[in-house]
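File shown: entry33.txt. Contents: compact mmCIF, C-alpha atoms.
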# COMPACT_ATOMS: atom_id res chain seq x y z
CA MET S 1 0.00 0.00 0.00
CA THR S 2 2.76 2.43 0.89
CA GLU S 3 4.86 3.54 -2.04
CA TYR S 4 8.07 5.44 -1.85
CA HIS S 5 9.28 5.52 -5.41
CA VAL S 6 6.41 6.22 -7.67
CA SER S 7 6.60 7.10 -11.31
CA PHE S 8 3.80 7.91 -13.67
CA THR S 9 3.49 7.76 -17.44
CA LEU S 10 1.89 10.55 -19.44
CA THR S 11 -1.36 8.58 -19.54
CA ASP S 12 -1.33 8.07 -15.75
CA VAL S 13 -0.75 11.76 -15.15
CA CYS S 14 -3.53 12.85 -17.50
CA HIS S 15 -5.92 10.40 -15.92
CA ARG S 16 -5.05 11.60 -12.44
CA LEU S 17 -5.34 15.29 -13.25
CA GLN S 18 -8.31 14.64 -15.52
CA VAL S 19 -6.81 16.63 -18.33
CA SER S 20 -6.11 15.91 -21.96
CA GLU S 21 -2.73 14.64 -23.14
CA SER S 22 -2.23 17.74 -25.23
CA LEU S 23 -2.61 19.93 -22.15
CA CYS S 24 -0.08 17.79 -20.24
CA VAL S 25 2.35 18.13 -23.13
CA GLU S 26 1.77 21.88 -23.08
CA LEU S 27 2.63 22.06 -19.38
CA VAL S 28 5.88 20.29 -20.16
CA GLU S 29 6.55 22.65 -23.06
CA TYR S 30 6.06 25.62 -20.76
CA GLY S 31 8.68 24.06 -18.49
CA ILE S 32 6.26 23.74 -15.57
CA VAL S 33 7.56 20.19 -15.15
CA SER S 34 10.39 18.32 -16.83
CA PRO S 35 9.68 14.60 -17.09
CA VAL S 36 12.47 12.16 -17.81
CA GLY S 37 12.53 10.55 -21.26
CA PRO S 38 13.04 11.55 -24.87
CA ARG S 39 9.48 11.29 -26.20
CA PRO S 40 6.02 11.82 -24.63
CA ALA S 41 5.30 8.09 -24.87
CA GLU S 42 8.40 7.38 -22.80
CA TRP S 43 8.10 10.21 -20.32
CA THR S 44 8.07 9.38 -16.63
CA PHE S 45 6.87 11.77 -13.95
CA ASP S 46 7.64 11.50 -10.24
CA LEU S 47 5.49 12.55 -7.28
CA GLU S 48 7.03 16.02 -7.11
CA MET S 49 6.13 16.62 -10.74
CA LEU S 50 2.60 15.37 -10.24
CA SER S 51 2.17 17.71 -7.33
CA SER S 52 3.66 20.64 -9.30
CA MET S 53 1.17 19.95 -12.07
CA GLN S 54 -1.69 19.85 -9.58
CA ARG S 55 -0.53 23.17 -8.24
CA ALA S 56 -0.31 24.55 -11.77
CA MET S 57 -3.88 23.48 -12.46
CA ARG S 58 -5.08 25.18 -9.29
CA LEU S 59 -3.26 28.42 -10.11
CA HIS S 60 -4.65 28.38 -13.64
CA ARG S 61 -8.19 27.78 -12.42
CA ASP S 62 -8.36 29.87 -9.25
CA LEU S 63 -6.32 32.89 -10.31
CA GLU S 64 -7.29 32.80 -13.98
CA LEU S 65 -3.64 32.79 -15.04
CA ASP S 66 -2.61 31.76 -18.51
CA TRP S 67 0.00 29.03 -18.81
CA SER S 68 2.99 31.28 -19.21
CA GLY S 69 1.83 33.13 -16.11
CA VAL S 70 1.52 29.80 -14.30
CA ALA S 71 5.03 28.84 -15.45
CA LEU S 72 6.43 32.10 -14.12
CA VAL S 73 4.60 31.81 -10.78
CA THR S 74 5.73 28.20 -10.45
CA GLU S 75 9.33 29.18 -11.02
CA LEU S 76 9.13 32.01 -8.51
CA LEU S 77 7.36 29.87 -5.93
CA ASP S 78 10.04 27.19 -6.22
CA GLU S 79 12.73 29.81 -5.91
CA ARG S 80 11.00 31.33 -2.89
CA GLU S 81 10.81 27.90 -1.27
CA GLN S 82 14.51 27.35 -1.92
CA LEU S 83 15.42 30.74 -0.46
CA ARG S 84 13.26 30.16 2.58
CA ARG S 85 14.94 26.85 3.20
CA GLU S 86 18.37 28.42 2.84
CA ASN S 87 17.35 31.26 5.12
CA ARG S 88 16.12 28.82 7.76
CA ILE S 89 19.42 26.97 7.69
CA LEU S 90 21.48 30.15 7.89
CA ARG S 91 19.39 31.61 10.69
CA ARG S 92 19.73 28.46 12.71
CA ARG S 93 23.45 28.35 12.10
CA LEU S 94 23.77 32.00 13.08
CA SER S 95 21.70 31.48 16.21
CA ARG S 96 24.26 28.94 17.42
CA PHE S 97 26.92 31.65 17.39
CA VAL S 98 25.16 34.92 18.05
CA ASP S 99 22.66 35.95 20.68
CA ASP S 100 20.37 38.11 18.69
CA SER S 101 16.71 38.86 18.29
CA LEU S 102 17.25 38.31 14.57
CA THR S 103 17.24 34.60 15.18
CA GLU S 104 13.76 33.25 15.80
CA MET K 105 -26.00 27.08 11.04
CA GLU K 106 -24.37 30.46 10.80
CA PHE K 107 -25.49 32.97 8.23
CA LYS K 108 -22.74 33.97 5.82
CA ASP K 109 -22.55 37.48 4.53
CA TYR K 110 -20.86 36.98 1.19
CA TYR K 111 -20.74 40.72 0.50
CA ASP K 112 -18.87 41.23 3.71
CA ILE K 113 -16.45 38.40 2.91
CA LEU K 114 -15.53 39.97 -0.43
CA GLY K 115 -15.53 43.45 1.07
CA VAL K 116 -18.07 44.79 -1.41
CA LYS K 117 -21.39 46.58 -1.06
CA PRO K 118 -24.69 44.83 -1.85
CA ASP K 119 -25.31 47.26 -4.70
CA ASP K 120 -21.86 46.90 -6.25
CA ASP K 121 -21.86 45.71 -9.84
CA LYS K 122 -20.48 42.48 -11.22
CA GLN K 123 -17.23 44.10 -12.25
CA ALA K 124 -16.51 45.32 -8.71
CA ILE K 125 -17.28 41.88 -7.31
CA LYS K 126 -14.97 40.21 -9.79
CA LYS K 127 -12.22 42.67 -9.00
CA ALA K 128 -12.58 42.10 -5.26
CA TYR K 129 -12.56 38.35 -5.74
CA ARG K 130 -9.43 38.42 -7.88
CA ARG K 131 -7.57 40.53 -5.37
CA LEU K 132 -8.53 38.32 -2.43
CA ALA K 133 -7.91 35.09 -4.37
CA ARG K 134 -4.35 36.23 -5.05
CA LYS K 135 -3.91 37.23 -1.45
CA TYR K 136 -5.20 34.03 0.09
CA HIS K 137 -4.50 31.35 -2.49
CA PRO K 138 -3.01 28.50 -0.44
CA ASP K 139 -0.34 27.84 -3.05
CA VAL K 140 1.09 31.35 -2.90
CA SER K 141 -0.08 32.92 0.35
CA SER K 142 1.88 33.24 3.55
CA GLU K 143 -1.14 34.69 5.33
CA HIS K 144 -2.35 33.05 8.47
CA ASP K 145 -5.26 30.69 7.84
CA ALA K 146 -4.99 31.29 4.09
CA GLU K 147 -6.69 28.05 3.14
CA ASN K 148 -9.89 28.75 5.06
CA ARG K 149 -9.97 32.35 3.95
CA PHE K 150 -9.56 31.25 0.35
CA LYS K 151 -12.41 28.76 0.67
CA GLU K 152 -14.63 31.47 2.08
CA VAL K 153 -13.72 33.89 -0.69
CA SER K 154 -14.28 31.25 -3.40
CA GLU K 155 -17.61 30.33 -1.93
CA ALA K 156 -18.67 33.98 -1.81
CA TYR K 157 -17.67 34.49 -5.44
CA GLU K 158 -19.37 31.27 -6.45
CA VAL K 159 -22.60 32.89 -5.34
CA LEU K 160 -22.13 36.59 -6.05
CA GLY K 161 -20.34 36.07 -9.35
CA ASP K 162 -23.33 34.25 -10.79
CA ASP K 163 -26.40 36.40 -11.55
CA THR K 164 -28.98 33.73 -10.78
CA ARG K 165 -27.38 32.59 -7.56
CA ARG K 166 -26.79 36.16 -6.47
CA ALA K 167 -30.47 37.01 -6.94
CA GLU K 168 -31.45 33.93 -4.93
CA TYR K 169 -28.99 34.83 -2.20
CA ASP K 170 -30.19 38.45 -2.06
CA GLN K 171 -33.69 37.19 -1.46
CA LEU K 172 -32.53 35.01 1.38
CA ARG K 173 -30.31 37.66 2.86
CA ARG K 174 -33.36 39.49 4.12
CA TYR K 175 -33.84 36.66 6.63
CA GLY K 176 -30.34 36.43 8.05
CA ARG K 177 -27.58 38.52 9.50
CA LYS K 178 -23.88 37.88 9.73
CA GLY K 179 -22.77 35.88 12.75
CA GLU K 180 -26.32 34.97 13.65
CA SER K 181 -27.78 31.53 13.61
CA PHE K 182 -29.73 31.02 10.43
CA THR K 183 -32.64 28.77 9.57
CA PRO K 184 -34.10 28.89 6.08
CA PRO K 185 -37.62 30.34 6.03
CA PRO K 186 -40.50 27.84 6.15
CA GLY K 187 -41.22 26.22 2.84
CA TRP K 188 -37.67 26.74 1.64
CA GLU K 189 -36.60 23.76 -0.40
CA GLY K 190 -33.27 24.94 -1.53
CA PHE K 191 -32.38 25.84 -5.04
CA SER K 192 -31.76 22.88 -7.19
CA GLY K 193 -28.43 22.94 -8.95
CA THR K 194 -28.16 26.16 -10.77
CA GLY K 195 -25.24 24.25 -12.14
CA GLY K 196 -22.69 25.58 -14.52
CA ALA K 197 -18.97 25.67 -14.17
CA SER K 198 -17.74 26.00 -10.63
CA GLN K 199 -14.74 25.70 -8.44
CA GLN K 200 -14.21 22.48 -6.65
CA GLY K 201 -14.01 22.82 -2.92
CA ASP K 202 -15.66 22.08 0.36
CA PHE K 203 -18.31 24.66 0.80
CA SER K 204 -19.97 25.52 4.08
CA ASP K 205 -23.16 23.96 5.43
CA PHE K 206 -24.80 27.28 4.80
CA PHE K 207 -23.95 27.09 1.11
CA GLU K 208 -24.95 23.45 0.79
CA THR K 209 -28.29 24.10 2.44
CA ILE K 210 -29.16 27.01 0.23
CA PHE K 211 -27.98 25.69 -3.05
CA GLY K 212 -28.86 22.13 -2.23
CA ALA K 213 -27.43 18.72 -2.85
CA GLY K 214 -28.22 19.13 -6.53
CA PHE K 215 -25.28 21.45 -6.63
CA ALA K 216 -22.92 18.76 -5.43
CA GLY K 217 -23.17 17.09 -8.82
CA ALA K 218 -22.25 20.27 -10.58
CA LYS K 219 -19.34 20.71 -8.22
CA ARG K 220 -17.87 17.34 -8.93
CA GLY K 221 -18.39 17.72 -12.63
CA SER K 222 -16.49 20.94 -12.38
CA ARG K 223 -13.19 19.13 -12.30
CA GLY K 224 -13.93 19.30 -15.97
CA PHE K 225 -11.97 17.75 -18.79
CA ALA K 226 -13.57 14.50 -17.64
CA GLY K 227 -13.03 13.07 -21.09
CA SER K 228 -14.55 9.70 -21.64
CA GLU K 229 -15.05 9.09 -17.95
CA ASP K 230 -18.47 8.41 -16.61
CA PHE K 231 -19.70 11.63 -15.09
CA TYR K 232 -21.16 9.84 -12.09
CA SER K 233 -18.06 7.76 -11.34
CA THR K 234 -15.27 10.07 -10.44
CA ARG K 235 -12.05 9.28 -8.70
CA GLY K 236 -11.83 10.66 -5.17
CA ARG K 237 -9.70 13.60 -4.28
CA ASP K 238 -6.02 13.24 -3.46
CA VAL K 239 -5.27 14.45 0.02
CA GLU K 240 -1.94 15.72 1.25
CA ILE K 241 -1.00 15.98 4.90
CA GLU K 242 2.16 17.03 6.63
CA MET K 243 4.07 14.39 8.55
CA PRO K 244 6.54 15.60 11.18
CA VAL K 245 9.46 13.20 11.56
CA PHE K 246 12.26 13.35 14.14
CA LEU K 247 15.81 12.99 12.82
CA GLU K 248 16.26 9.89 14.99
CA ASP K 249 13.29 8.30 13.22
CA THR K 250 14.96 8.48 9.81
CA LEU K 251 17.64 6.01 10.90
CA ARG K 252 15.46 2.98 10.34
CA GLU K 253 12.02 2.15 9.04
CA GLU K 254 9.53 3.46 11.56
CA ALA K 255 5.88 2.55 11.98
CA LYS K 256 3.71 5.54 12.84
CA THR K 257 0.05 6.04 13.47
CA ILE K 258 -1.48 8.96 11.66
CA GLU K 259 -4.84 10.58 12.07
CA TYR K 260 -6.41 12.74 9.42
CA ARG K 261 -9.74 14.03 8.27
CA LEU K 262 -11.35 13.06 5.02
CA PRO K 263 -14.36 14.45 3.21
CA HIS K 264 -17.06 11.85 2.96
CA TYR K 265 -20.34 11.83 1.05
CA ASP K 266 -23.34 11.11 3.22
CA GLU K 267 -26.51 9.57 1.82
CA SER K 268 -27.87 12.81 0.47
CA GLY K 269 -24.61 13.46 -1.37
CA ARG K 270 -23.47 16.12 1.06
CA LEU K 271 -19.87 16.34 2.11
CA GLU K 272 -18.93 15.85 5.72
CA ASP K 273 -15.63 15.21 7.44
CA VAL K 274 -14.74 11.85 8.92
CA LYS K 275 -11.70 11.02 11.00
CA LYS K 276 -9.45 8.27 9.77
CA THR K 277 -6.61 6.47 11.49
CA LEU K 278 -3.89 4.65 9.64
CA ARG K 279 -0.70 2.83 10.54
CA VAL K 280 2.07 3.64 8.07
CA LYS K 281 5.68 2.73 7.67
CA ILE K 282 8.05 5.63 7.18
CA PRO K 283 11.05 4.29 5.29
CA LYS K 284 14.63 4.76 6.36
CA GLY K 285 16.36 7.87 5.06
CA VAL K 286 13.39 10.10 4.27
CA THR K 287 14.27 13.71 3.50
CA ASP K 288 12.60 17.02 4.21
CA GLY K 289 9.80 17.80 1.75
CA GLU K 290 9.66 14.29 0.35
CA ARG K 291 6.24 12.83 -0.42
CA ILE K 292 5.06 9.31 0.28
CA ARG K 293 2.03 7.96 -1.50
CA LEU K 294 -0.58 5.78 0.16
CA ARG K 295 -2.71 4.42 -2.60
CA ASN K 296 -6.49 4.80 -2.29
CA GLN K 297 -6.37 6.26 1.23
CA GLY K 298 -7.50 9.71 0.10
CA GLY K 299 -10.96 11.12 -0.49
CA PRO K 300 -13.71 8.65 -1.40
CA GLY K 301 -14.63 8.18 -5.03
CA PHE K 302 -18.06 9.05 -6.30
CA GLY K 303 -20.18 6.29 -7.82
CA ASP K 304 -17.88 3.51 -8.93
CA GLY K 305 -14.82 5.75 -8.93
CA PRO K 306 -11.85 4.65 -6.83
CA ALA K 307 -10.70 6.56 -3.77
CA GLY K 308 -7.99 9.16 -4.23
CA ASP K 309 -4.52 8.79 -2.79
CA LEU K 310 -3.11 10.09 0.44
CA TYR K 311 0.22 11.89 0.27
CA LEU K 312 2.39 12.31 3.31
CA ARG K 313 4.68 15.24 3.03
CA ILE K 314 7.69 14.68 5.27
CA ARG K 315 8.79 17.56 7.46
CA LEU K 316 11.90 16.98 9.51
CA VAL K 317 11.45 18.41 12.98
CA PRO K 318 14.25 20.85 13.91
CA HIS K 319 16.68 19.16 16.29
CA PRO K 320 18.13 20.93 19.33
CA LEU K 321 21.68 19.87 18.41
CA TYR K 322 21.89 19.03 14.72
CA ASP K 323 21.08 21.24 11.76
CA VAL K 324 20.19 19.51 8.51
CA VAL K 325 21.76 20.45 5.17
CA GLY K 326 20.71 17.89 2.58
CA ASN K 327 21.86 14.60 4.05
CA ASP K 328 24.59 16.22 6.08
CA LEU K 329 24.31 17.34 9.68
CA ASN K 330 25.99 20.27 11.37
CA LEU K 331 26.82 20.16 15.06
CA THR K 332 28.18 23.21 16.84
CA LEU K 333 30.73 22.04 19.41
CA PRO K 334 31.72 24.40 22.23
CA VAL K 335 35.41 24.17 23.20
CA SER K 336 37.43 26.02 25.82
CA PRO K 337 40.15 28.50 24.77
CA TRP K 338 42.89 26.14 25.98
CA GLU K 339 41.36 23.15 24.13
CA ALA K 340 41.39 25.27 20.98
CA ALA K 341 44.98 26.38 21.66
CA LEU K 342 46.49 23.12 22.75
CA GLY K 343 44.33 20.60 20.93
CA ALA K 344 42.24 17.99 22.71
CA SER K 345 40.39 14.75 22.42
CA VAL K 346 36.70 15.30 23.13
CA THR K 347 33.56 13.19 23.17
CA VAL K 348 30.97 14.23 20.62
CA PRO K 349 27.36 13.04 20.36
CA THR K 350 26.12 11.79 16.99
CA LEU K 351 22.70 10.48 15.97
CA THR K 352 24.03 6.94 16.29
CA GLY K 353 26.02 7.24 19.51
CA LYS K 354 29.02 9.01 20.97
CA ILE K 355 32.38 9.23 19.23
CA SER K 356 35.77 10.57 20.18
CA LEU K 357 37.07 13.49 18.14
CA THR K 358 40.55 14.98 17.98
CA ILE K 359 40.83 18.74 17.92
CA LYS K 360 44.08 20.03 16.49
CA PRO K 361 46.16 22.64 18.28
CA ASP K 362 45.51 26.25 17.20
CA SER K 363 41.90 25.59 16.17
CA GLN K 364 39.51 28.48 15.60
CA THR K 365 35.85 29.22 16.03
CA GLY K 366 34.20 28.14 12.78
CA THR K 367 36.70 25.36 12.03
CA ARG K 368 34.76 22.47 10.46
CA LEU K 369 35.68 18.86 11.13
CA ARG K 370 34.11 16.22 8.92
CA VAL K 371 33.01 12.93 10.42
CA LYS K 372 32.28 10.69 7.50
CA GLY K 373 29.04 8.72 7.35
CA ARG K 374 27.56 10.13 10.58
CA GLY K 375 24.96 12.32 8.92
CA LEU K 376 21.43 11.29 7.97
CA PRO K 377 21.16 7.78 6.51
CA GLY K 378 19.93 8.93 3.08
CA LYS K 379 18.51 6.67 0.41
CA GLU K 380 21.72 5.39 -1.15
CA SER K 381 24.59 6.48 1.05
CA PRO K 382 24.68 8.28 4.39
CA GLY K 383 25.61 11.93 4.68
CA ASP K 384 28.39 13.29 6.86
CA LEU K 385 28.45 15.05 10.19
CA TYR K 386 30.23 18.39 10.25
CA VAL K 387 31.43 19.47 13.67
CA ILE K 388 31.84 23.23 13.83
CA LEU K 389 34.01 24.51 16.66
CA LYS K 390 32.91 27.39 18.80
CA VAL K 391 35.46 28.72 21.28
CA VAL K 392 33.64 29.83 24.42
CA MET K 393 34.85 31.73 27.44
CA PRO K 394 34.04 30.70 30.99
CA ASP K 395 31.10 32.68 32.39
CA ARG K 396 33.37 34.15 35.04
CA SER K 397 37.02 33.68 35.92
CA SER K 398 38.25 32.92 39.42
CA GLU K 399 41.05 34.96 40.95
CA LYS K 400 43.47 32.15 40.09
CA ASP K 401 42.29 31.99 36.46
CA ARG K 402 42.60 35.71 36.16
CA LYS K 403 46.26 35.51 37.17
CA LEU K 404 46.90 32.91 34.49
CA TRP K 405 45.16 35.02 31.84
CA GLN K 406 47.24 37.97 32.98
CA GLN K 407 50.42 35.95 32.47
CA LEU K 408 49.27 35.10 28.97
CA ALA K 409 48.35 38.71 28.26
CA ASP K 410 51.80 39.87 29.36
CA GLN K 411 53.66 37.34 27.31
CA ALA K 412 51.61 36.45 24.19
CA ASP K 413 52.22 38.31 20.98
CA PHE K 414 48.81 38.35 19.39
CA ASN K 415 46.78 41.20 17.93
CA PRO K 416 43.32 40.01 16.87
CA ARG K 417 42.48 43.43 15.41
CA LYS K 418 45.34 43.69 12.95
CA ASN K 419 42.91 43.86 10.04
CA LEU K 420 41.07 46.76 11.63
CA GLY K 421 44.28 48.79 11.54
CA SER K 422 44.46 49.17 15.29
Step by step, read the file and then write its structure as structure tokens.
Amino acid sequence: MTEYHVSFTLTDVCHRLQVSESLCVELVEYGIVSPVGPRPAEWTFDLEMLSSMQRAMRLHRDLELDWSGVALVTELLDEREQLRRENRILRRRLSRFVDDSLTE
Amino acid sequence: MEFKDYYDILGVKPDDDKQAIKKAYRRLARKYHPDVSSEHDAENRFKEVSEAYEVLGDDTRRAEYDQLRRYGRKGESFTPPPGWEGFSGTGGASQQGDFSDFFETIFGAGFAGAKRGSRGFAGSEDFYSTRGRDVEIEMPVFLEDTLREEAKTIEYRLPHYDESGRLEDVKKTLRVKIPKGVTDGERIRLRNQGGPGFGDGPAGDLYLRIRLVPHPLYDVVGNDLNLTLPVSPWEAALGASVTVPTLTGKISLTIKPDSQTGTRLRVKGRGLPGKESPGDLYVILKVVMPDRSSEKDRKLWQQLADQADFNPRKNLGS
């Protein structure tokens, strides 16, 4: 029941997101996700990608963004997440050396 | 059941036009969208805003709501007037989401069908047999628990369709195995443990999103761990052999003479277990002074001060 390494084909992903294959291919073309494999029929998607695509669908639907807007937001959100993680690490490291209200 | 003032939620006036309502919705949707917002309670606020727009953004539903609004006031308990049967699905495209009891009562169970259909793009799938929703929950994991496979009991809430097709929450308990070497942000899939399917549709999946709980001693960087190790000035000056805790037990570590604050010592393979190979532990030295020096200590420091040739502020030009 529990799965740790899951990969999906294009057909799986479309079925799960309930979208057409051409839309899935479009999301890949916009760089919202980058599946592994040379051709759509051989693409594999992992859980992260599936969840990015779900997020993309939500942004498109709820905020009425077009796909290039979604791609941009996705990129910025990922970057923000990365920066936040880095910031957390650095703040913690700093807090071990400096007594300061700056650190949590 | 509490009356919901949708105008209030969107921050618009009851006589505002459709354009103003749309504008207000767009602004609030951006502000509270759970995928982008850092606001407190964003998810619930977003649901509320979506629900309000679902009603006020649709002419028919808005007219029906305006009629009803004469009977209720914000924050007050609300019972539909006698003879009220609820509007049957005014249908049309709609957001998916869990709407409030208030909404469900007014716009009726008939609307539930429209809601589910709204996932759209259903393709060849039977409209009445839809796969259940995927559910994602956060799973806090202690660093110590990543060392081996750990069984954990999780509790979560799932939407559930009652007999009339209405959504309600049910509590579910599940025993899951968290594999060795999970990392922060990683997702684990539990097949068919998510939201129930509709009709003959299968249940959705449950995703556990791993969040490593901050440790009082170790900081995580990828699979590596950082440990800040306090040492005395004489240990740093003379070198020493000290005992250091690691996730898998104590080890002995040699500190070289003339070590500095910030010096990093790598202990191979004592980081997090990882999927393929374990990370390393980095011990970062921090030279600390005693809280207070005794008279005897002070004399020794004084000797050092008189004899040592060391200017720590050379770079400052002093």
| field | Shortest interatomic distance to S:Glu75 - which of S:Gly31, S:Ser51, S:Arg93, S:Leu63, counting only C-alpha atoms | value | S:Gly31
| said: Under the rule that all atoms listed in the file are counted, which of K:Ile125, K:Val116, K:Leu132, K:Ala167 is the nearest residue to chain S? | reply: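 Of K:Ile125, K:Val116, K:Leu132, K:Ala167, the one nearest chain S is K:Leu132, counting all atoms listed in the file.
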| task | Could you jot down the atom CA of K:Arg295 to atom CA of K:Ser204 separation for me, Å, one decimal place? | result |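 Going from atom CA of K:Arg295 over to atom CA of K:Ser204, I get 28.1 Å.
When all atoms listed in the file are used to measure the gap to chain S, the shortest distance among K:Leu262, K:Leu408, K:Leu251, K:Val325 belongs to K:Val325.
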| From the set K:Glu106, K:Leu247, K:Asp304, K:Gln364, which residue has the shortest atom-to-atom contact distance to K:Phe206, counting all atoms listed in the file? |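 Among the listed residues, K:Glu106 lies closest to K:Phe206.
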| query | Mind pulling up the distance from atom CA of K:Gly303 to atom CA of S:Cys14? | reply | 20.3 Å
| query | Nearest to chain S among K:Gly308, K:Pro263, K:Pro416, K:Gly298, with distances taken over only C-alpha atoms: which residue is it? | reply | K:Gly308
| What lies within 12 Å of S:Arg80 using all atoms listed in the file, ignoring chain neighbours under 4 positions off, as a list in words? | Val73, Thr74, Glu75, Leu76, Arg84, Arg85, Glu86 and Asn87 of chain S; Asp139, Val140, Ser141 and Ser142 of chain K
Write out, as a PDB file, in the frame of the given file, the residues just selected, with C-alpha atoms.
ATOM      1  CA  VAL S  73       4.600  31.810 -10.780  1.00  0.00           C
ATOM      2  CA  THR S  74       5.730  28.200 -10.450  1.00  0.00           C
ATOM      3  CA  GLU S  75       9.330  29.180 -11.020  1.00  0.00           C
ATOM      4  CA  LEU S  76       9.130  32.010  -8.510  1.00  0.00           C
ATOM      5  CA  ARG S  84      13.260  30.160   2.580  1.00  0.00           C
ATOM      6  CA  ARG S  85      14.940  26.850   3.200  1.00  0.00           C
ATOM      7  CA  GLU S  86      18.370  28.420   2.840  1.00  0.00           C
ATOM      8  CA  ASN S  87      17.350  31.260   5.120  1.00  0.00           C
TER       9      ASN S  87
ATOM     10  CA  ASP K 139      -0.340  27.840  -3.050  1.00  0.00           C
ATOM     11  CA  VAL K 140       1.090  31.350  -2.900  1.00  0.00           C
ATOM     12  CA  SER K 141      -0.080  32.920   0.350  1.00  0.00           C
ATOM     13  CA  SER K 142       1.880  33.240   3.550  1.00  0.00           C
TER      14      SER K 142
END
| field | Nearest residue to chain K from the set S:Ile32, S:Leu27, S:Leu83, S:Arg58 (distances using all atoms listed in the file) | value |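 Looking at the shortest contact to chain K, the residue is S:Arg58.
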| request: One decimal, Å: what's the distance from atom CA of S:Cys24 over to atom CA of K:Phe302, could you say? | output: 24.4 Å
| request: Identify every residue of chain S that has at least one atom within 8 Å of any atom of chain K, counting only C-alpha atoms, and report the result as number ranges by chain. | output: S: 1-4, 6, 18-20, 47-48, 55, 59, 61-63, 77, 89, 92-93, 96-97
| query | So which residues touch K:Arg166 within 12 Å, counting all atoms listed in the file, skipping near sequence neighbours fewer than 6 positions away, as a list in words? | reply |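 Non-adjacent residues within range: Asp109, Tyr110, Tyr111, Pro118, Asp119, Asp120, Asp121, Lys122, Ile125, Glu155, Ala156, Tyr157, Glu158, Val159, Leu160, Leu172, Arg173, Phe191, Thr194, Ile210 and Phe211 of chain K.
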Could you work out an axis-aligned bounding box for all listed atoms of stretch 29-34 of chain S, with 3 Å added on each of the six sides, and give its centre and edge lengths in Å to one decimal, as JSON?
{"center_x": 8.2, "center_y": 22.0, "center_z": -19.1, "size_x": 10.3, "size_y": 13.3, "size_z": 13.9}
| What's the 10 Å shell around K:Gly343, counting all atoms listed in the file, without same-chain residues fewer than 5 positions away, as a PyMOL selection string? | chain K and resi 335+337-338+358-363
Rebuild stretch 61-73 of chain S to N, CA and C atoms - output it as a PDB file, keeping the file's coordinate frame, please.
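Result file selection28.pdb:
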ATOM      1  N   ARG S  61      -6.752  27.726 -12.640  1.00  0.00           N
ATOM      2  CA  ARG S  61      -8.190  27.780 -12.420  1.00  0.00           C
ATOM      3  C   ARG S  61      -8.579  28.898 -11.447  1.00  0.00           C
ATOM      4  N   ASP S  62      -7.911  28.951 -10.305  1.00  0.00           N
ATOM      5  CA  ASP S  62      -8.360  29.870  -9.250  1.00  0.00           C
ATOM      6  C   ASP S  62      -7.954  31.313  -9.509  1.00  0.00           C
ATOM      7  N   LEU S  63      -6.789  31.516 -10.126  1.00  0.00           N
ATOM      8  CA  LEU S  63      -6.320  32.890 -10.310  1.00  0.00           C
ATOM      9  C   LEU S  63      -6.449  33.341 -11.762  1.00  0.00           C
ATOM     10  N   GLU S  64      -7.055  32.473 -12.559  1.00  0.00           N
ATOM     11  CA  GLU S  64      -7.290  32.800 -13.980  1.00  0.00           C
ATOM     12  C   GLU S  64      -5.999  33.225 -14.671  1.00  0.00           C
ATOM     13  N   LEU S  65      -4.915  32.493 -14.392  1.00  0.00           N
ATOM     14  CA  LEU S  65      -3.640  32.790 -15.040  1.00  0.00           C
ATOM     15  C   LEU S  65      -3.527  31.995 -16.330  1.00  0.00           C
ATOM     16  N   ASP S  66      -2.882  32.580 -17.324  1.00  0.00           N
ATOM     17  CA  ASP S  66      -2.610  31.760 -18.510  1.00  0.00           C
ATOM     18  C   ASP S  66      -1.349  30.935 -18.226  1.00  0.00           C
ATOM     19  N   TRP S  67      -1.041  30.007 -19.149  1.00  0.00           N
ATOM     20  CA  TRP S  67       0.000  29.030 -18.810  1.00  0.00           C
ATOM     21  C   TRP S  67       1.382  29.644 -18.660  1.00  0.00           C
ATOM     22  N   SER S  68       1.657  30.708 -19.411  1.00  0.00           N
ATOM     23  CA  SER S  68       2.990  31.280 -19.210  1.00  0.00           C
ATOM     24  C   SER S  68       3.050  32.008 -17.874  1.00  0.00           C
ATOM     25  N   GLY S  69       1.903  32.546 -17.447  1.00  0.00           N
ATOM     26  CA  GLY S  69       1.830  33.130 -16.110  1.00  0.00           C
ATOM     27  C   GLY S  69       2.015  32.065 -15.040  1.00  0.00           C
ATOM     28  N   VAL S  70       1.378  30.917 -15.242  1.00  0.00           N
ATOM     29  CA  VAL S  70       1.520  29.800 -14.300  1.00  0.00           C
ATOM     30  C   VAL S  70       2.983  29.362 -14.233  1.00  0.00           C
ATOM     31  N   ALA S  71       3.627  29.278 -15.414  1.00  0.00           N
ATOM     32  CA  ALA S  71       5.030  28.840 -15.450  1.00  0.00           C
ATOM     33  C   ALA S  71       5.905  29.803 -14.656  1.00  0.00           C
ATOM     34  N   LEU S  72       5.641  31.083 -14.838  1.00  0.00           N
ATOM     35  CA  LEU S  72       6.430  32.100 -14.120  1.00  0.00           C
ATOM     36  C   LEU S  72       6.203  31.997 -12.605  1.00  0.00           C
ATOM     37  N   VAL S  73       4.919  31.900 -12.213  1.00  0.00           N
ATOM     38  CA  VAL S  73       4.600  31.810 -10.780  1.00  0.00           C
ATOM     39  C   VAL S  73       5.238  30.554 -10.180  1.00  0.00           C
TER      40      VAL S  73
END
